[in-house]
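Novice: Pasting target.cif here (mmCIF, C-alpha atoms):
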```
data_entry
#
loop_
_atom_site.label_atom_id
_atom_site.label_comp_id
_atom_site.auth_asym_id
_atom_site.auth_seq_id
_atom_site.Cartn_x
_atom_site.Cartn_y
_atom_site.Cartn_z
CA SER A 1182 -14.50 -60.54 -26.42
CA VAL A 1183 -16.99 -57.77 -27.14
CA GLU A 1184 -16.46 -55.16 -29.85
CA ARG A 1185 -18.52 -52.33 -31.24
CA ARG A 1186 -17.63 -50.84 -34.59
CA ALA A 1187 -19.79 -48.46 -36.62
CA GLY A 1188 -22.80 -49.17 -34.43
CA GLU A 1189 -22.51 -52.96 -34.78
CA MET A 1190 -21.78 -55.21 -31.79
CA THR A 1191 -19.74 -58.41 -32.15
CA VAL A 1192 -19.48 -60.98 -29.35
CA ARG A 1193 -17.13 -63.96 -29.41
CA TYR A 1194 -17.60 -66.65 -26.79
CA SER A 1195 -17.00 -70.34 -26.23
CA SER A 1196 -19.45 -71.08 -23.42
CA ALA A 1197 -22.80 -69.96 -22.02
CA ASN A 1198 -20.93 -68.43 -19.10
CA GLU A 1199 -18.81 -66.26 -21.39
CA LEU A 1200 -21.94 -65.18 -23.26
CA ALA A 1201 -23.62 -64.11 -20.01
CA ARG A 1202 -20.51 -62.17 -19.04
CA ALA A 1203 -20.41 -60.50 -22.47
CA ALA A 1204 -24.03 -59.40 -22.04
CA LEU A 1205 -23.19 -57.29 -19.00
CA VAL A 1206 -20.10 -55.85 -20.69
CA ALA A 1207 -22.18 -54.90 -23.73
CA LYS A 1208 -24.79 -53.23 -21.54
CA THR A 1209 -22.10 -51.39 -19.56
CA PHE A 1210 -20.03 -50.00 -22.42
CA GLY A 1211 -22.31 -50.33 -25.43
CA THR A 1212 -23.59 -46.77 -25.23
CA GLU A 1213 -20.13 -45.20 -25.14
CA GLY A 1214 -19.42 -45.45 -28.83
CA ASP A 1215 -16.93 -47.83 -30.44
CA PHE A 1216 -14.94 -50.01 -28.09
CA ALA A 1217 -13.07 -53.31 -27.93
CA PHE A 1218 -13.19 -55.40 -24.75
CA ARG A 1219 -11.11 -58.50 -24.16
CA GLU A 1220 -10.89 -60.19 -20.80
CA THR A 1221 -8.47 -62.82 -19.56
CA VAL A 1222 -9.43 -64.84 -16.51
CA PRO A 1223 -6.44 -66.45 -14.73
CA PHE A 1224 -8.69 -68.86 -12.82
CA GLU A 1225 -10.47 -72.10 -13.60
CA ASP A 1226 -13.09 -71.37 -10.97
CA VAL A 1227 -14.52 -68.09 -9.81
CA CYS A 1228 -16.99 -69.59 -7.37
CA LEU A 1229 -19.62 -68.31 -4.96
CA MET A 1230 -20.74 -70.19 -1.85
CA VAL A 1231 -24.01 -69.31 -0.13
CA ASP A 1232 -24.90 -70.51 3.36
CA CYS A 1233 -28.19 -72.39 3.14
CA SER A 1234 -28.04 -74.03 6.56
CA ARG A 1235 -28.43 -71.46 9.31
CA ASN A 1236 -31.96 -69.97 9.33
CA ALA A 1237 -32.04 -69.22 5.60
CA VAL A 1238 -32.42 -72.03 3.10
CA ARG A 1239 -32.80 -69.88 -0.01
CA ASN A 1240 -35.83 -70.86 -2.04
CA VAL A 1241 -35.55 -72.00 -5.64
CA GLU A 1242 -36.58 -68.71 -7.22
CA THR A 1243 -34.09 -66.75 -5.11
CA VAL A 1244 -31.26 -69.09 -6.09
CA LYS A 1245 -32.22 -68.74 -9.75
CA LYS A 1246 -32.12 -64.95 -9.43
CA LEU A 1247 -28.71 -65.24 -7.81
CA ILE A 1248 -27.47 -67.50 -10.61
CA ARG A 1249 -28.46 -64.92 -13.22
CA ASN A 1250 -26.67 -62.14 -11.35
CA ILE A 1251 -23.42 -63.97 -10.72
CA ALA A 1252 -23.25 -65.32 -14.29
CA LEU A 1253 -23.37 -61.76 -15.62
CA CYS A 1254 -20.44 -60.66 -13.47
CA GLY A 1255 -18.29 -63.69 -14.27
CA TYR A 1256 -18.76 -66.46 -11.71
CA ASN A 1257 -18.72 -69.92 -13.24
CA SER A 1258 -19.52 -72.12 -10.25
CA LEU A 1259 -21.83 -71.98 -7.24
CA MET A 1260 -21.99 -73.93 -3.99
CA LEU A 1261 -25.03 -74.08 -1.74
CA TYR A 1262 -23.69 -74.82 1.75
CA THR A 1263 -26.06 -77.39 3.23
CA GLU A 1264 -25.22 -79.09 6.51
CA ASP A 1265 -28.38 -81.15 6.87
CA THR A 1266 -30.72 -79.12 4.65
CA TYR A 1267 -31.09 -81.49 1.73
CA GLU A 1268 -33.09 -84.65 1.22
CA ILE A 1269 -31.45 -88.05 1.40
CA ASP A 1270 -33.10 -91.42 1.03
CA GLY A 1271 -34.07 -93.31 4.15
CA GLU A 1272 -33.49 -90.39 6.55
CA PRO A 1273 -36.77 -88.48 7.03
CA LEU A 1274 -35.35 -86.54 10.02
CA PHE A 1275 -32.40 -85.21 7.99
CA GLY A 1276 -33.21 -81.50 7.69
CA TYR A 1277 -36.69 -82.04 9.11
CA LEU A 1278 -38.61 -78.73 9.42
CA ARG A 1279 -35.46 -76.81 8.43
CA GLY A 1280 -36.47 -75.97 4.86
CA ARG A 1281 -34.34 -78.67 3.28
CA TYR A 1282 -34.02 -78.89 -0.49
CA SER A 1283 -35.83 -81.80 -2.06
CA ARG A 1284 -34.06 -83.94 -4.60
CA ALA A 1285 -36.33 -82.50 -7.29
CA GLU A 1286 -35.41 -78.94 -6.32
CA LEU A 1287 -31.69 -79.66 -6.44
CA LYS A 1288 -32.04 -81.23 -9.88
CA GLU A 1289 -34.04 -78.21 -11.05
CA LEU A 1290 -31.39 -75.79 -9.79
CA ASP A 1291 -28.60 -77.87 -11.30
CA ALA A 1292 -30.25 -77.74 -14.73
CA TYR A 1293 -31.00 -74.02 -14.43
CA ALA A 1294 -27.43 -73.17 -13.46
CA ALA A 1295 -26.15 -75.11 -16.48
CA LEU A 1296 -28.13 -72.79 -18.78
CA PHE A 1297 -25.80 -69.98 -17.70
CA GLY A 1298 -22.61 -72.03 -17.70
CA ILE A 1299 -22.63 -72.24 -13.90
CA GLU A 1300 -21.54 -75.51 -12.31
CA LEU A 1301 -23.63 -76.17 -9.22
CA ILE A 1302 -21.39 -78.00 -6.73
CA PRO A 1303 -22.74 -79.72 -3.60
CA CYS A 1304 -21.22 -78.35 -0.39
CA ILE A 1305 -21.83 -80.36 2.78
CA GLN A 1306 -20.28 -81.50 6.05
CA THR A 1307 -18.86 -84.95 6.77
CA LEU A 1308 -17.15 -84.47 10.13
CA ALA A 1309 -18.14 -81.38 12.14
CA HIS A 1310 -20.80 -78.63 12.09
CA LEU A 1311 -23.65 -81.13 12.20
CA GLN A 1312 -25.11 -80.05 15.54
CA ALA A 1313 -28.64 -79.81 14.12
CA LEU A 1314 -28.73 -83.61 13.91
CA ARG A 1315 -28.02 -84.11 17.61
CA ARG A 1316 -31.55 -83.12 18.60
CA TYR A 1317 -32.76 -86.51 17.37
CA GLY A 1318 -32.04 -89.70 19.25
CA ARG A 1319 -31.50 -91.47 15.95
CA PHE A 1320 -28.34 -89.46 15.37
CA ALA A 1321 -27.20 -88.66 18.92
CA GLY A 1322 -25.05 -91.78 19.14
CA LEU A 1323 -23.09 -90.79 16.03
CA PHE A 1324 -21.20 -87.98 17.76
CA ASP A 1325 -17.82 -87.86 19.48
CA ALA A 1326 -18.11 -84.45 21.17
CA ASP A 1327 -20.09 -81.28 20.56
CA TYR A 1328 -20.92 -81.21 16.83
CA THR A 1329 -18.15 -83.56 15.64
CA LEU A 1330 -18.97 -87.03 14.35
CA MET A 1331 -17.57 -90.21 15.88
CA VAL A 1332 -14.66 -91.33 13.71
CA GLY A 1333 -14.60 -95.08 13.18
CA ASP A 1334 -18.29 -95.66 13.90
CA GLU A 1335 -19.68 -97.59 10.95
CA ARG A 1336 -23.06 -95.87 11.34
CA VAL A 1337 -21.33 -92.58 10.55
CA TYR A 1338 -19.96 -93.92 7.28
CA ALA A 1339 -23.31 -95.46 6.37
CA LEU A 1340 -24.85 -91.98 6.76
CA ILE A 1341 -22.09 -90.30 4.73
CA GLU A 1342 -22.53 -92.88 2.00
CA LYS A 1343 -26.23 -92.02 1.85
CA MET A 1344 -25.25 -88.37 1.45
CA PHE A 1345 -22.95 -89.16 -1.46
CA ARG A 1346 -25.42 -91.51 -3.12
CA SER A 1347 -28.19 -88.91 -3.07
CA LEU A 1348 -26.07 -85.93 -4.10
CA SER A 1349 -24.32 -87.78 -6.92
CA ASP A 1350 -27.78 -88.32 -8.40
CA CYS A 1351 -29.01 -84.73 -7.89
CA PHE A 1352 -25.96 -82.86 -9.23
CA SER A 1353 -24.26 -83.21 -12.60
CA ALA A 1354 -21.02 -81.90 -11.03
CA ARG A 1355 -18.52 -84.58 -10.07
CA ARG A 1356 -16.86 -82.30 -7.54
CA ILE A 1357 -18.18 -82.09 -3.98
CA HIS A 1358 -17.14 -79.97 -1.03
CA ILE A 1359 -17.12 -82.26 2.01
CA GLY A 1360 -16.30 -79.67 4.70
CA MET A 1361 -14.27 -81.24 7.55
CA ASP A 1362 -13.34 -77.85 9.02
CA GLU A 1363 -13.11 -76.94 12.70
CA PRO A 1364 -13.57 -80.44 14.21
CA TYR A 1365 -13.05 -79.15 17.72
CA CYS A 1366 -12.64 -81.79 20.43
CA LEU A 1367 -12.03 -84.49 17.82
CA GLY A 1368 -11.03 -87.65 19.66
CA ARG A 1369 -11.63 -86.02 23.05
CA GLY A 1370 -15.20 -87.08 23.82
CA ARG A 1371 -16.83 -90.47 23.38
CA TYR A 1372 -13.95 -91.48 21.11
CA LEU A 1373 -11.52 -91.04 24.01
CA ASP A 1374 -13.79 -93.02 26.34
CA GLU A 1375 -14.05 -95.94 23.96
CA ASN A 1376 -10.59 -95.98 22.34
CA GLY A 1377 -8.25 -94.25 24.74
CA TYR A 1378 -5.98 -91.35 23.82
CA GLU A 1379 -4.88 -91.02 20.21
CA GLU A 1380 -3.16 -88.13 18.49
CA THR A 1381 -5.80 -85.90 16.92
CA ALA A 1382 -3.99 -85.87 13.57
CA GLN A 1383 -4.19 -89.65 13.33
CA VAL A 1384 -7.93 -89.61 14.03
CA TYR A 1385 -8.49 -86.84 11.49
CA PHE A 1386 -6.43 -88.45 8.74
CA ARG A 1387 -8.10 -91.83 9.24
CA HIS A 1388 -11.48 -90.21 8.71
CA PHE A 1389 -10.23 -88.15 5.75
CA VAL A 1390 -9.01 -91.26 3.92
CA ARG A 1391 -12.21 -93.15 4.61
CA VAL A 1392 -14.47 -90.34 3.38
CA VAL A 1393 -12.38 -89.74 0.24
CA ASP A 1394 -12.67 -93.45 -0.57
CA LEU A 1395 -16.46 -93.30 -0.15
CA ALA A 1396 -16.64 -90.27 -2.45
CA LYS A 1397 -14.55 -92.09 -5.05
CA LYS A 1398 -17.07 -94.95 -4.98
CA TYR A 1399 -19.68 -92.53 -6.37
CA GLY A 1400 -17.38 -90.87 -8.88
CA LEU A 1401 -17.00 -87.73 -6.77
CA LYS A 1402 -13.86 -85.62 -6.30
CA PRO A 1403 -13.80 -84.10 -2.79
CA ILE A 1404 -12.79 -80.57 -1.83
CA VAL A 1405 -11.84 -80.18 1.84
CA TRP A 1406 -11.46 -77.12 4.04
CA SER A 1407 -7.77 -77.10 4.88
CA ASP A 1408 -7.62 -75.64 8.41
CA ALA A 1409 -7.72 -78.98 10.26
CA PHE A 1410 -5.66 -80.62 7.53
CA LEU A 1411 -2.86 -78.08 7.94
CA THR A 1412 -2.94 -78.42 11.71
CA SER A 1413 -2.59 -82.19 11.35
CA ALA A 1414 0.10 -82.03 8.67
CA TYR A 1415 2.31 -79.52 10.52
CA ARG A 1416 1.70 -80.86 14.01
CA ASP A 1417 5.37 -81.36 14.93
CA GLY A 1418 6.24 -77.67 14.64
CA THR A 1419 9.16 -78.14 12.23
CA GLY A 1420 7.51 -76.22 9.41
CA GLU A 1421 7.60 -79.30 7.19
CA PRO A 1422 4.48 -81.39 6.48
CA ARG A 1423 4.23 -84.93 7.79
CA LEU A 1424 1.67 -87.01 5.90
CA PRO A 1425 1.05 -90.76 6.08
CA ALA A 1426 1.31 -92.63 2.77
CA GLU A 1427 -2.43 -93.34 2.67
CA VAL A 1428 -3.17 -89.61 3.04
CA LYS A 1429 -0.83 -88.77 0.16
CA ALA A 1430 -2.65 -91.37 -1.95
CA ALA A 1431 -6.05 -89.90 -1.02
CA LEU A 1432 -4.87 -86.41 -2.02
CA LYS A 1433 -4.50 -87.60 -5.61
CA THR A 1434 -8.29 -87.50 -5.84
CA ALA A 1435 -8.97 -84.57 -3.48
CA GLU A 1436 -8.26 -80.86 -3.25
CA LEU A 1437 -7.81 -78.54 -0.29
CA MET A 1438 -9.45 -75.15 0.22
CA HIS A 1439 -7.80 -72.50 2.37
CA TRP A 1440 -10.16 -69.96 3.89
CA ASP A 1441 -9.18 -66.56 5.25
CA TYR A 1442 -11.81 -63.89 5.78
CA TYR A 1443 -10.05 -61.55 8.15
CA HIS A 1444 -6.85 -59.97 6.88
CA THR A 1445 -6.27 -56.71 5.04
CA ASP A 1446 -2.50 -57.23 4.73
CA SER A 1447 -0.97 -59.44 2.04
CA GLU A 1448 1.69 -60.90 4.34
CA SER A 1449 -0.88 -62.91 6.28
CA TYR A 1450 -1.93 -64.71 3.12
CA GLU A 1451 1.62 -65.42 2.00
CA GLU A 1452 2.40 -67.32 5.21
CA LYS A 1453 -0.45 -69.81 4.76
CA PHE A 1454 0.04 -70.11 1.01
CA ARG A 1455 3.62 -71.23 1.61
CA LEU A 1456 2.36 -74.01 3.89
CA HIS A 1457 -0.12 -75.17 1.26
CA GLU A 1458 2.51 -75.07 -1.46
CA LYS A 1459 4.72 -77.49 0.48
CA LEU A 1460 1.94 -80.10 0.39
CA ARG A 1461 2.25 -80.20 -3.42
CA VAL A 1462 -1.50 -80.61 -4.05
CA PRO A 1463 -3.89 -78.20 -5.78
CA PHE A 1464 -5.59 -75.81 -3.39
CA TRP A 1465 -8.39 -73.28 -3.56
CA PHE A 1466 -8.61 -69.92 -1.83
CA ALA A 1467 -11.82 -68.72 -0.19
CA SER A 1468 -12.50 -65.14 0.86
CA THR A 1469 -15.85 -63.78 2.08
CA ALA A 1470 -18.51 -61.16 1.66
CA TRP A 1471 -19.05 -60.15 5.27
CA GLU A 1472 -22.72 -60.19 6.21
CA ASN A 1473 -22.95 -62.90 8.83
CA ARG A 1474 -22.68 -60.62 11.86
CA GLY A 1475 -26.08 -59.02 11.43
CA MET A 1476 -28.69 -57.65 9.10
CA LEU A 1477 -26.40 -55.41 7.08
CA PRO A 1478 -23.28 -56.11 5.03
CA HIS A 1479 -19.71 -54.95 5.49
CA ASN A 1480 -19.01 -54.46 1.79
CA THR A 1481 -16.20 -51.95 2.25
CA TYR A 1482 -14.33 -54.32 4.54
CA SER A 1483 -14.99 -57.27 2.21
CA CYS A 1484 -13.47 -55.36 -0.70
CA LYS A 1485 -10.37 -54.52 1.35
CA VAL A 1486 -9.92 -58.17 2.26
CA CYS A 1487 -10.24 -59.10 -1.41
CA ASP A 1488 -7.68 -56.51 -2.49
CA ALA A 1489 -5.14 -57.76 0.05
CA ALA A 1490 -5.56 -61.40 -0.94
CA MET A 1491 -5.89 -61.24 -4.72
CA PRO A 1492 -2.26 -60.28 -5.59
CA VAL A 1493 -0.98 -63.17 -3.44
CA VAL A 1494 -3.48 -65.58 -4.96
CA LYS A 1495 -2.18 -64.69 -8.43
CA GLU A 1496 1.46 -64.75 -7.34
CA TYR A 1497 1.12 -68.35 -6.12
CA GLY A 1498 -0.74 -69.44 -9.23
CA VAL A 1499 -3.90 -70.51 -7.39
CA ARG A 1500 -6.40 -71.62 -10.04
CA HIS A 1501 -9.61 -71.81 -8.01
CA ILE A 1502 -11.04 -68.97 -5.92
CA MET A 1503 -14.29 -68.65 -4.00
CA GLN A 1504 -16.27 -65.87 -2.37
CA THR A 1505 -18.28 -67.15 0.57
CA MET A 1506 -21.47 -65.78 2.08
CA TRP A 1507 -21.79 -67.19 5.58
CA GLY A 1508 -24.82 -66.80 7.80
CA ASP A 1509 -23.69 -68.32 11.07
CA ASP A 1510 -24.81 -65.44 13.32
CA GLY A 1511 -28.47 -65.61 12.42
CA ASN A 1512 -28.41 -65.18 8.63
CA ASP A 1513 -30.48 -62.03 9.11
CA GLY A 1514 -29.21 -60.06 6.12
CA SER A 1515 -30.44 -59.83 2.56
CA LEU A 1516 -28.66 -62.17 0.17
CA PHE A 1517 -28.37 -59.35 -2.35
CA GLY A 1518 -27.13 -56.73 0.12
CA SER A 1519 -23.62 -58.03 -0.54
CA LEU A 1520 -23.76 -57.56 -4.31
CA PRO A 1521 -21.06 -54.84 -4.22
CA ALA A 1522 -18.64 -57.30 -2.59
CA LEU A 1523 -19.62 -60.10 -5.00
CA VAL A 1524 -19.09 -57.95 -8.09
CA TRP A 1525 -15.86 -56.53 -6.68
CA PHE A 1526 -14.42 -60.00 -6.02
CA SER A 1527 -15.12 -61.37 -9.49
CA LEU A 1528 -13.96 -58.30 -11.39
CA ARG A 1529 -10.86 -57.78 -9.26
CA ALA A 1530 -9.97 -61.37 -10.13
CA ARG A 1531 -10.02 -60.20 -13.74
CA GLY A 1532 -7.75 -57.27 -12.96
CA ARG A 1533 -10.44 -54.64 -13.38
CA GLU A 1534 -10.03 -51.16 -11.89
CA GLU A 1535 -12.45 -49.47 -9.53
CA ASP A 1536 -14.08 -47.12 -12.06
CA ASP A 1537 -14.99 -49.91 -14.47
CA ILE A 1538 -16.20 -52.13 -11.62
CA LYS A 1539 -18.58 -49.40 -10.54
CA LYS A 1540 -19.82 -48.94 -14.12
CA GLU A 1541 -20.58 -52.64 -14.40
CA PHE A 1542 -22.30 -52.63 -11.04
CA PHE A 1543 -24.59 -49.86 -12.21
CA ALA A 1544 -25.38 -51.78 -15.38
CA LEU A 1545 -26.15 -54.90 -13.32
CA THR A 1546 -28.33 -53.31 -10.65
CA GLY A 1547 -29.41 -49.88 -11.80
CA TYR A 1548 -27.81 -48.38 -8.68
CA ALA A 1549 -24.59 -46.42 -8.37
CA PHE A 1550 -22.07 -48.53 -6.45
CA ASP A 1551 -21.47 -45.95 -3.71
CA GLU A 1552 -25.17 -45.15 -3.43
CA PHE A 1553 -26.09 -48.82 -3.03
CA ASN A 1554 -23.31 -49.29 -0.52
CA ARG A 1555 -24.85 -46.75 1.82
CA ILE A 1556 -26.78 -49.77 3.07
CA GLU A 1557 -23.80 -50.46 5.34
CA TYR A 1558 -23.79 -46.97 6.88
CA PRO A 1559 -25.31 -48.08 10.23
CA GLN A 1560 -22.32 -50.42 10.54
CA THR A 1561 -19.61 -47.95 9.57
CA PHE A 1562 -20.88 -44.51 10.64
CA CYS A 1563 -18.44 -44.38 13.55
CA GLY A 1564 -15.47 -44.55 11.18
CA LYS A 1565 -13.54 -47.00 13.32
CA TYR A 1566 -15.90 -49.80 12.26
CA THR A 1567 -14.92 -49.56 8.59
CA ASP A 1568 -11.95 -51.87 9.04
CA ASP A 1569 -13.41 -54.52 11.30
CA ARG A 1570 -16.48 -56.70 11.61
CA ALA A 1571 -18.32 -54.96 14.44
CA ASP A 1572 -22.09 -54.83 14.19
CA PRO A 1573 -23.42 -51.67 15.86
CA ALA A 1574 -26.64 -51.94 13.86
CA LYS A 1575 -27.51 -55.20 15.60
CA TYR A 1576 -26.33 -54.00 18.99
CA GLY A 1577 -28.54 -50.96 18.62
CA LEU A 1578 -31.59 -52.98 17.62
CA TYR A 1579 -31.40 -55.49 20.45
CA ASN A 1580 -30.14 -53.18 23.22
CA ASP A 1581 -31.04 -49.93 24.85
CA VAL A 1582 -29.07 -47.48 22.71
CA LEU A 1583 -28.22 -45.36 25.75
CA SER A 1584 -26.45 -48.33 27.32
CA LEU A 1585 -24.02 -48.37 24.40
CA ILE A 1586 -22.70 -44.87 25.08
CA HIS A 1587 -19.31 -44.89 26.81
#
```
Show how you would write the structure in this file as structure tokens.

Specialist:
Amino acid sequence: SVERRAGEMTVRYSSANELARAALVAKTFGTEGDFAFRETVPFEDVCLMVDCSRNAVRNVETVKKLIRNIALCGYNSLMLYTEDTYEIDGEPLFGYLRGRYSRAELKELDAYAALFGIELIPCIQTLAHLQALRRYGRFAGLFDADYTLMVGDERVYALIEKMFRSLSDCFSARRIHIGMDEPYCLGRGRYLDENGYEETAQVYFRHFVRVVDLAKKYGLKPIVWSDAFLTSAYRDGTGEPRLPAEVKAALKTAELMHWDYYHTDSESYEEKFRLHEKLRVPFWFASTAWENRGMLPHNTYSCKVCDAAMPVVKEYGVRHIMQTMWGDDGNDGSLFGSLPALVWFSLRARGREEDDIKKEFFALTGYAFDEFNRIEYPQTFCGKYTDDRADPAKYGLYNDVLSLIH
């Protein structure tokens, strides 16, 4: 809480994170005379995830600047999404020439985040989205099809164990996001050639159990993207989950994370939340700050997505939420261009209204919220682009503008 009485400010806090949050509140409202500010956060995690794999491995100083900013507006955990862009022992080609983080850099960032009460959580891939490794003959034989690893190949699990061993040493967090989303063609490539046809769900679950067991060996609690998990659990179309006993056992030490970046209606979220609830395991919800389509953000759209999801998140008692910042279409944009969406997400989670959010944004950045958000004007000037993820700014840059006129 933050109070000002008779020109004297009193701050009560129980963690470094709460103190950082109080600092921004004091700066925002401290010049308005006496006030009393108390904030209740209905979440254990208000997390941010930043894509550090596709073209933009953020350097140490940039991540530190980000940590300071998100601590002030109430985030208490941070994930750096690294597919192959971190150092692991015995694998010199892992992240080679891709700006990978060294072990020393990860330890430095972990310690720095802790100063602000931010838990730095490793966020990697252990099944799909590892296409960057396929360029090297050393790793080419580890793949089933496209960018999906070969389930059952002991070399795959030896590599994953190296990942866990290295990251468990670099991070003080005992939680780890292990990805496993979008494993397209799982069991349909080399796996099919060598093992014959097997139901995709069986292949997926076998890998899930094996990876969770490896994480447990290093004292790590996995978080898993839930899209492929849901598809596997509800594969018979009855609307009721079907999970093998060994998967249920593995879920006692793992959590699922549902991602949805697209909907501006609450009903879409309710449908998927009901499916997660039937699994009877804790689950996270991940939204996004849209900037991965080009060089400019879609902050207005991101805020609408947040406002549609947040009431449902609270209704279902979800305790962990995350705002993502993906960069899978070039990672061309500024990391800080999405600050309006980041501030909006965290403060909406706290039940704050628009006027106060904009006041805090000004205190954080020195810019009026609406003025800063004019950065997205080349994306939204046509009006119809406000509610979708089109990227006319990029089309215009890389095409003859006259060819775009219909």

Novice: Using only C-alpha atoms, which of the listed residues (A:Ala1467, A:Leu1253, A:Leu1401, A:Ala1187) sits closest to Glu1213 (chain A)?

Specialist: A:Ala1187

Novice: Taking into account all atoms listed in the file, which residue in the set A:Phe1345, A:Tyr1267, A:Phe1352, A:Tyr1450 is nearest to Tyr1293 (chain A)?

Specialist: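 Result for the nearest residue to Tyr1293 (chain A): A:Phe1352.
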
Novice: Counting all atoms listed in the file, what is within 10 Å of Pro1463 (chain A), bar same-chain residues fewer than 6 positions away, as a PyMOL selection string?

Specialist: chain A and resi 1432-1433+1435-1438+1457+1498-1501

Novice: Looking at A:Ala1252, A:Leu1308, A:Met1230, A:Val1238, which one is nearest to Asp1334 (chain A), with distances taken over all atoms listed in the file?

Specialist: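 Using all atoms listed in the file, Asp1334 (chain A) sits closest to A:Leu1308.
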
Novice: Here is a test: counting all atoms listed in the file, which residue of A:Asp1513, A:Glu1199, A:Asp1488, A:Glu1289 is nearest to Lys1575 (chain A)?

Specialist: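 Distance minimum relative to Lys1575 (chain A) lands on A:Asp1513.
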
Novice: Of the residues A:Thr1263, A:Thr1212, A:Ser1349, A:Asn1580, which is the one nearest to Leu1395 (chain A), using all atoms listed in the file?

Specialist: A:Ser1349

Novice: Please determine, counting only C-alpha atoms, which residue among A:Gly1280, A:Glu1363, A:Met1491, A:Lys1208 has the shortest atom-to-atom distance to Arg1531 (chain A).

Specialist: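 Smallest separation from Arg1531 (chain A) among the options: A:Met1491.
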
Novice: Take the PyMOL selection byres ((chain A and resi 1207) around 9), run it mentally on this structure, and tell me the resulting residues as a PyMOL selection string.

Specialist: chain A and resi 1183-1185+1190+1192+1202-1206+1208-1212

Novice: What is the distance, in Å and to one decimal place, between CA of Thr1307 (chain A) and CA of Gly1360 (chain A)?

Specialist: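 Computed distance, CA of Thr1307 (chain A) to CA of Gly1360 (chain A), equals 6.2 Å.
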